[in-house]
$ cat start_25.csv   # CSV, C-alpha atoms
chain,number,residue,atom,x,y,z
A,78,MET,CA,-38.3,-15.4,11.5
A,79,LEU,CA,-36.1,-12.3,12.2
A,80,GLU,CA,-39.1,-10.5,13.8
A,81,GLN,CA,-39.6,-13.4,16.2
A,82,LEU,CA,-35.9,-13.2,17.2
A,83,TYR,CA,-36.2,-9.5,17.6
A,84,ASP,CA,-39.2,-10.0,19.9
A,85,LYS,CA,-37.5,-12.7,21.9
A,86,TYR,CA,-33.9,-11.3,22.3
A,87,GLY,CA,-34.2,-7.7,21.2
A,88,LYS,CA,-33.0,-6.2,17.9
A,89,ARG,CA,-29.8,-4.8,19.3
A,90,LYS,CA,-28.7,-8.2,20.5
A,91,ILE,CA,-29.5,-9.8,17.2
A,92,TYR,CA,-27.5,-7.1,15.5
A,93,LEU,CA,-24.5,-7.7,17.6
A,94,ALA,CA,-24.7,-11.4,17.3
A,95,ILE,CA,-24.9,-11.3,13.5
A,96,ALA,CA,-22.0,-8.7,13.4
A,97,PHE,CA,-19.9,-11.1,15.6
A,98,LEU,CA,-20.6,-14.0,13.2
A,99,ILE,CA,-19.6,-11.9,10.2
A,100,ILE,CA,-16.4,-10.9,11.9
A,101,VAL,CA,-15.6,-14.6,12.6
A,102,LEU,CA,-16.2,-15.3,8.9
A,103,ASN,CA,-14.0,-12.4,8.0
A,104,ILE,CA,-11.2,-13.7,10.3
A,105,LEU,CA,-11.5,-17.1,8.6
A,106,ILE,CA,-11.2,-15.5,5.1
A,107,LEU,CA,-8.2,-13.5,6.3
A,108,THR,CA,-6.5,-16.6,7.7
A,109,ILE,CA,-7.0,-18.5,4.4
A,110,THR,CA,-5.6,-15.6,2.4
A,111,TYR,CA,-2.7,-15.2,4.8
A,112,GLN,CA,-1.7,-18.9,4.5
A,113,SER,CA,-1.8,-18.6,0.7
A,114,LYS,CA,0.4,-15.5,0.7
A,115,ILE,CA,3.2,-16.9,2.8
A,116,LYS,CA,3.7,-19.9,0.4
A,117,PHE,CA,5.4,-20.1,-3.0
A,118,THR,CA,6.5,-22.8,-5.4
A,119,ILE,CA,9.6,-23.1,-7.5
A,120,ASP,CA,10.0,-26.0,-10.0
A,121,GLY,CA,7.4,-28.0,-8.1
A,122,GLN,CA,9.1,-27.5,-4.7
A,123,GLY,CA,6.9,-25.8,-2.2
A,124,PHE,CA,8.2,-23.3,0.4
A,125,LYS,CA,6.5,-21.7,3.4
A,126,TYR,CA,7.4,-18.8,5.7
A,127,ILE,CA,8.0,-19.8,9.3
A,128,SER,CA,9.3,-16.9,11.3
A,129,HIS,CA,11.6,-13.9,11.4
A,130,SER,CA,13.7,-11.8,13.8
A,131,ASP,CA,15.9,-8.8,13.3
A,132,GLU,CA,18.7,-11.0,12.1
A,133,ASN,CA,17.1,-14.0,10.5
A,134,ILE,CA,14.1,-15.1,8.3
A,135,ILE,CA,13.2,-18.7,8.2
A,136,PHE,CA,11.4,-20.6,5.5
A,137,GLN,CA,10.9,-24.4,5.1
A,138,ASP,CA,10.4,-26.5,2.0
A,139,LYS,CA,7.7,-29.2,2.0
A,140,GLU,CA,10.2,-31.8,3.1
A,141,GLY,CA,11.1,-29.7,6.2
A,142,ASN,CA,14.4,-28.5,5.0
A,143,GLU,CA,15.2,-25.0,6.4
A,144,VAL,CA,15.8,-21.9,4.3
A,145,LEU,CA,17.8,-19.5,6.5
A,146,VAL,CA,18.1,-15.9,5.6
A,147,THR,CA,20.8,-14.1,7.5
A,148,ILE,CA,20.6,-10.3,7.4
A,149,ASP,CA,23.6,-8.0,7.4
A,150,LEU,CA,22.4,-5.5,10.0
A,151,SER,CA,25.0,-3.0,8.9
A,152,HIS,CA,23.1,-2.6,5.6
A,153,SER,CA,19.5,-2.7,6.9
A,154,GLY,CA,18.7,0.9,6.0
A,155,TYR,CA,16.8,2.2,3.0
A,156,THR,CA,17.6,0.0,0.0
A,157,PHE,CA,15.7,-1.5,-3.0
A,158,SER,CA,15.2,-4.7,-1.0
A,159,SER,CA,12.4,-5.1,1.4
A,160,ILE,CA,14.7,-7.2,3.7
A,161,ALA,CA,18.1,-5.4,3.8
A,162,GLY,CA,20.9,-4.1,1.5
A,163,LYS,CA,22.8,-7.3,2.1
A,164,TYR,CA,21.8,-10.8,3.2
A,165,GLU,CA,22.7,-14.4,2.7
A,166,ILE,CA,20.4,-17.4,2.1
A,167,LYS,CA,21.4,-20.9,3.0
A,168,TYR,CA,19.3,-23.8,1.7
A,169,LYS,CA,20.6,-27.4,1.6
A,170,ASP,CA,24.0,-27.1,0.0
A,171,LYS,CA,23.3,-23.7,-1.5
A,172,THR,CA,24.6,-20.4,-0.3
A,173,ILE,CA,23.2,-17.3,-2.1
A,174,LYS,CA,24.2,-13.8,-1.4
A,175,TYR,CA,22.2,-10.7,-2.2
A,176,ASP,CA,23.6,-7.2,-2.4
A,177,SER,CA,21.7,-4.0,-3.2
A,178,SER,CA,23.6,-1.8,-0.8
A,179,ASP,CA,24.5,0.5,-3.6
A,180,TRP,CA,21.5,-0.2,-5.9
A,181,ASN,CA,21.1,3.4,-6.9
A,182,ASN,CA,24.5,3.4,-8.7
A,183,LYS,CA,25.4,-0.2,-9.3
A,184,GLY,CA,22.1,-2.0,-9.2
A,185,CYS,CA,21.3,-5.3,-7.3
A,186,PHE,CA,23.5,-8.3,-7.5
A,187,ILE,CA,22.8,-11.9,-6.5
A,188,THR,CA,25.8,-14.2,-6.1
A,189,LEU,CA,24.4,-17.7,-7.1
A,190,SER,CA,25.4,-20.8,-5.3
A,191,ASP,CA,27.7,-21.8,-8.1
A,192,GLY,CA,29.6,-18.5,-7.8
A,193,ARG,CA,28.1,-16.7,-10.8
A,194,LYS,CA,26.8,-13.2,-10.4
A,195,TYR,CA,23.3,-12.3,-11.5
A,196,LYS,CA,22.3,-8.6,-11.9
A,197,GLN,CA,18.8,-8.1,-10.8
A,198,ASN,CA,16.5,-5.6,-12.5
A,199,PHE,CA,13.9,-3.6,-10.6
A,200,ILE,CA,10.9,-5.8,-11.5
A,201,ARG,CA,10.5,-8.7,-9.2
A,202,ILE,CA,8.5,-11.8,-9.9
A,203,ASN,CA,5.1,-12.0,-8.3
A,204,VAL,CA,4.5,-14.8,-5.9
A,205,GLY,CA,2.5,-17.6,-7.4
A,206,GLU,CA,2.8,-16.3,-11.0
A,207,VAL,CA,5.2,-18.2,-13.3
A,208,SER,CA,5.6,-16.7,-16.8
A,209,GLN,CA,7.4,-18.2,-19.8
A,210,ALA,CA,10.4,-16.0,-19.0
A,211,ASP,CA,10.7,-17.5,-15.5
A,212,LYS,CA,12.0,-20.7,-17.0
A,213,PHE,CA,15.2,-19.0,-17.9
A,214,ILE,CA,15.7,-17.4,-14.4
A,215,PRO,CA,18.0,-19.5,-12.2
A,216,PHE,CA,16.5,-21.3,-9.2
A,217,ASP,CA,18.6,-19.2,-6.8
A,218,VAL,CA,17.2,-15.9,-8.2
A,219,GLN,CA,13.6,-17.2,-8.1
A,220,LEU,CA,14.2,-18.1,-4.4
A,221,VAL,CA,15.4,-14.6,-3.6
A,222,ASN,CA,12.5,-13.0,-5.5
A,223,ASN,CA,9.9,-15.1,-3.8
A,224,ILE,CA,11.4,-14.6,-0.3
A,225,GLU,CA,11.4,-10.9,-0.9
A,226,GLU,CA,7.8,-10.9,-1.9
A,227,VAL,CA,6.6,-12.9,1.0
A,228,TYR,CA,8.7,-10.9,3.5
A,229,ASP,CA,7.3,-7.7,2.0
A,230,PHE,CA,3.8,-9.0,2.7
A,231,ILE,CA,4.6,-10.2,6.2
A,232,ASP,CA,6.5,-7.0,7.2
A,233,GLY,CA,3.7,-4.8,5.9
A,234,ASN,CA,1.1,-6.3,8.3
A,235,PHE,CA,-1.5,-6.1,5.5
A,236,MET,CA,-3.9,-8.6,7.0
A,237,ILE,CA,-4.0,-6.7,10.3
A,238,VAL,CA,-4.7,-3.4,8.4
A,239,ILE,CA,-7.4,-5.1,6.3
A,240,PHE,CA,-9.0,-6.6,9.5
A,241,ILE,CA,-9.1,-3.3,11.4
A,242,PHE,CA,-10.5,-1.5,8.3
A,243,SER,CA,-13.2,-4.2,7.8
A,244,ILE,CA,-14.6,-4.0,11.4
A,245,PRO,CA,-16.4,-0.6,11.0
A,246,LEU,CA,-17.5,-1.6,7.5
A,247,ILE,CA,-19.2,-4.7,8.9
A,248,PHE,CA,-21.0,-2.7,11.6
A,249,PHE,CA,-22.0,0.1,9.2
A,250,GLY,CA,-23.1,-2.3,6.5
A,251,LEU,CA,-25.2,-4.4,8.9
A,252,ALA,CA,-26.8,-1.2,10.3
A,253,GLY,CA,-27.8,-0.4,6.7
A,254,ILE,CA,-29.6,-3.7,6.5
A,255,MET,CA,-31.2,-3.9,9.9
A,256,TYR,CA,-31.7,-0.2,10.6
A,257,PRO,CA,-32.2,1.4,7.2
A,258,GLU,CA,-34.5,4.1,8.6
A,259,ARG,CA,-31.9,5.2,11.1
A,260,ILE,CA,-29.2,5.3,8.5
A,261,TRP,CA,-31.5,7.5,6.3
A,262,ASP,CA,-32.1,9.8,9.3
A,263,PHE,CA,-28.3,10.1,9.8
A,264,GLN,CA,-27.7,10.7,6.1
A,265,HIS,CA,-30.2,13.6,6.0
A,266,ILE,CA,-29.8,14.9,9.6
A,267,LEU,CA,-28.8,18.3,8.2
A,268,ASP,CA,-31.1,18.8,5.3
A,269,VAL,CA,-34.4,17.2,6.4
A,270,SER,CA,-36.6,17.9,9.5
A,271,GLY,CA,-39.3,15.5,10.4
A,272,GLY,CA,-39.3,13.6,7.1
A,273,GLU,CA,-39.7,9.9,6.5
A,274,PRO,CA,-37.7,7.8,4.1
A,275,THR,CA,-39.5,6.3,1.1
A,276,ASN,CA,-39.5,2.5,0.5
A,277,PHE,CA,-37.1,3.1,-2.3
A,278,ALA,CA,-34.7,4.9,0.0
A,279,ILE,CA,-34.9,2.1,2.5
A,280,MET,CA,-34.3,-0.4,-0.2
A,281,LEU,CA,-31.2,1.5,-1.3
A,282,ASN,CA,-29.8,1.5,2.2
A,283,VAL,CA,-30.3,-2.2,2.5
A,284,ILE,CA,-28.6,-2.9,-0.8
A,285,GLY,CA,-25.8,-0.5,0.2
A,286,GLY,CA,-25.4,-2.4,3.5
A,287,ILE,CA,-25.1,-5.7,1.7
A,288,LEU,CA,-22.5,-4.3,-0.7
A,289,VAL,CA,-20.5,-2.8,2.1
A,290,ILE,CA,-20.4,-6.1,4.0
A,291,GLY,CA,-19.5,-7.9,0.8
A,292,PHE,CA,-16.6,-5.5,0.2
A,293,ALA,CA,-15.4,-6.0,3.8
A,294,LEU,CA,-15.4,-9.8,3.3
A,295,LEU,CA,-14.0,-9.9,-0.2
A,296,ASN,CA,-11.3,-7.2,0.4
A,297,PRO,CA,-8.6,-9.8,1.1
A,298,PHE,CA,-9.3,-11.4,-2.2
A,299,ILE,CA,-9.3,-8.0,-4.0
A,300,TYR,CA,-5.9,-7.3,-2.4
A,301,ASN,CA,-4.6,-10.7,-3.2

$ encode --input "start_25.csv" --output "structure tokens"
Amino acid sequence: MLEQLYDKYGKRKIYLAIAFLIIVLNILILTITYQSKIKFTIDGQGFKYISHSDENIIFQDKEGNEVLVTIDLSHSGYTFSSIAGKYEIKYKDKTIKYDSSDWNNKGCFITLSDGRKYKQNFIRINVGEVSQADKFIPFDVQLVNNIEEVYDFIDGNFMIVIFIFSIPLIFFGLAGIMYPERIWDFQHILDVSGGEPTNFAIMLNVIGGILVIGFALLNPFIYN
């Protein structure tokens, strides 16, 4: 079947068309992964990242209630927090204050909505993972931790980096499948003159191409 398509449209066009379809599939996988990474749940209540600017980060719960993070720009330099040294979270009737402006000497403090102060250690909770110990962590602290994790992911532009990294992998892997002889020639351009690849060498290039494409597509899940 592929040979018929090669004869009708040309092998290069088929190569580009398949590469395009794989890239579309890759974008779909990245989109699904992104959507899962910008959400978190606390005590059965779901939250989702909406947007951010220099001064604010906005989340919403599943009922549409806004979670507003207001950043203190005077403490936005290097701190333990991925957001800023100081910021305030407003959610419903809660006001939560985070302060790690002097984390190196005093640590990180979260002023809970009831006025109590919670000293944060340097190990944050991973988004989506709830351990037995989390049951004893106040809701306000879990909210801070999850917002930090999501913002760290958003600010790092990891999905864009993974997408850019995956493009050459897709083209190279597909070339290994469709042009294994040329890949072999390229691999041995400096140590072989006029030689031909064996069937085994061709098979290895095809398998290698499949593995490379598989890695490019599964990389978001590996990161996740």

$ residues_around --input "start_25.csv" --residues "Cys185 in chain A" --least-positions-apart "2" --cutoff "7 Å" --atoms "all atoms listed in the file" --output "VMD selection string"
chain A and resid 176 to 177 180 183 187 196 to 197

$ closest_atom_pairs --input "start_25.csv" --of "range 78-166 of chain A" --to "range 240-252 of chain A" --cutoff "12 Å" --atoms "only C-alpha atoms" --output "tab-separated table"
residue	atom	partner	partner_atom	distance
A:Lys88	CA	A:Ala252	CA	11.0
A:Arg89	CA	A:Ala252	CA	10.1
A:Ile91	CA	A:Leu251	CA	10.8
A:Tyr92	CA	A:Leu251	CA	7.5
A:Leu93	CA	A:Phe248	CA	8.6
A:Ala94	CA	A:Leu251	CA	10.9
A:Ile95	CA	A:Leu251	CA	8.3
A:Ala96	CA	A:Phe248	CA	6.3
A:Phe97	CA	A:Ile247	CA	9.3
A:Leu98	CA	A:Ile247	CA	10.3
A:Ile99	CA	A:Ile247	CA	7.3
A:Ile100	CA	A:Ile244	CA	7.1
A:Val101	CA	A:Ile244	CA	10.7
A:Leu102	CA	A:Ile247	CA	11.0
A:Asn103	CA	A:Phe240	CA	7.8
A:Ile104	CA	A:Phe240	CA	7.5
A:Leu105	CA	A:Phe240	CA	10.8
A:Ile106	CA	A:Phe240	CA	10.2
A:Leu107	CA	A:Phe240	CA	7.6
A:Thr108	CA	A:Phe240	CA	10.5
A:Thr110	CA	A:Phe240	CA	12.0
A:Tyr111	CA	A:Phe240	CA	11.7

$ closest_residue --input "start_25.csv" --among "A:Met280, A:Asp138, A:Glu132, A:Gly123" --to "Gly253 in chain A" --atoms "only C-alpha atoms"
A:Met280

$ closest_residue --input "start_25.csv" --among "A:Asp217, A:Asp179, A:Asp149, A:Glu226" --to "Gly192 in chain A" --atoms "only C-alpha atoms"
A:Asp217

$ atom_distance --input "start_25.csv" --atom1 "CA of Phe186 in chain A" --atom2 "CA of Ser158 in chain A"
11.1 Å

$ atom_distance --input "start_25.csv" --atom1 "CA of Thr275 in chain A" --atom2 "CA of Lys85 in chain A"
28.2 Å

$ atom_distance --input "start_25.csv" --atom1 "CA of Thr188 in chain A" --atom2 "CA of Phe117 in chain A"
21.5 Å

$ closest_residue --input "start_25.csv" --among "A:Asn282, A:Thr147, A:Thr118, A:Ser159" --to "Ile173 in chain A" --atoms "only C-alpha atoms"
A:Thr147

$ closest_residue --input "start_25.csv" --among "A:Ile260, A:Ile299, A:Leu288, A:Leu145" --to "Tyr126 in chain A" --atoms "all atoms listed in the file"
A:Leu145
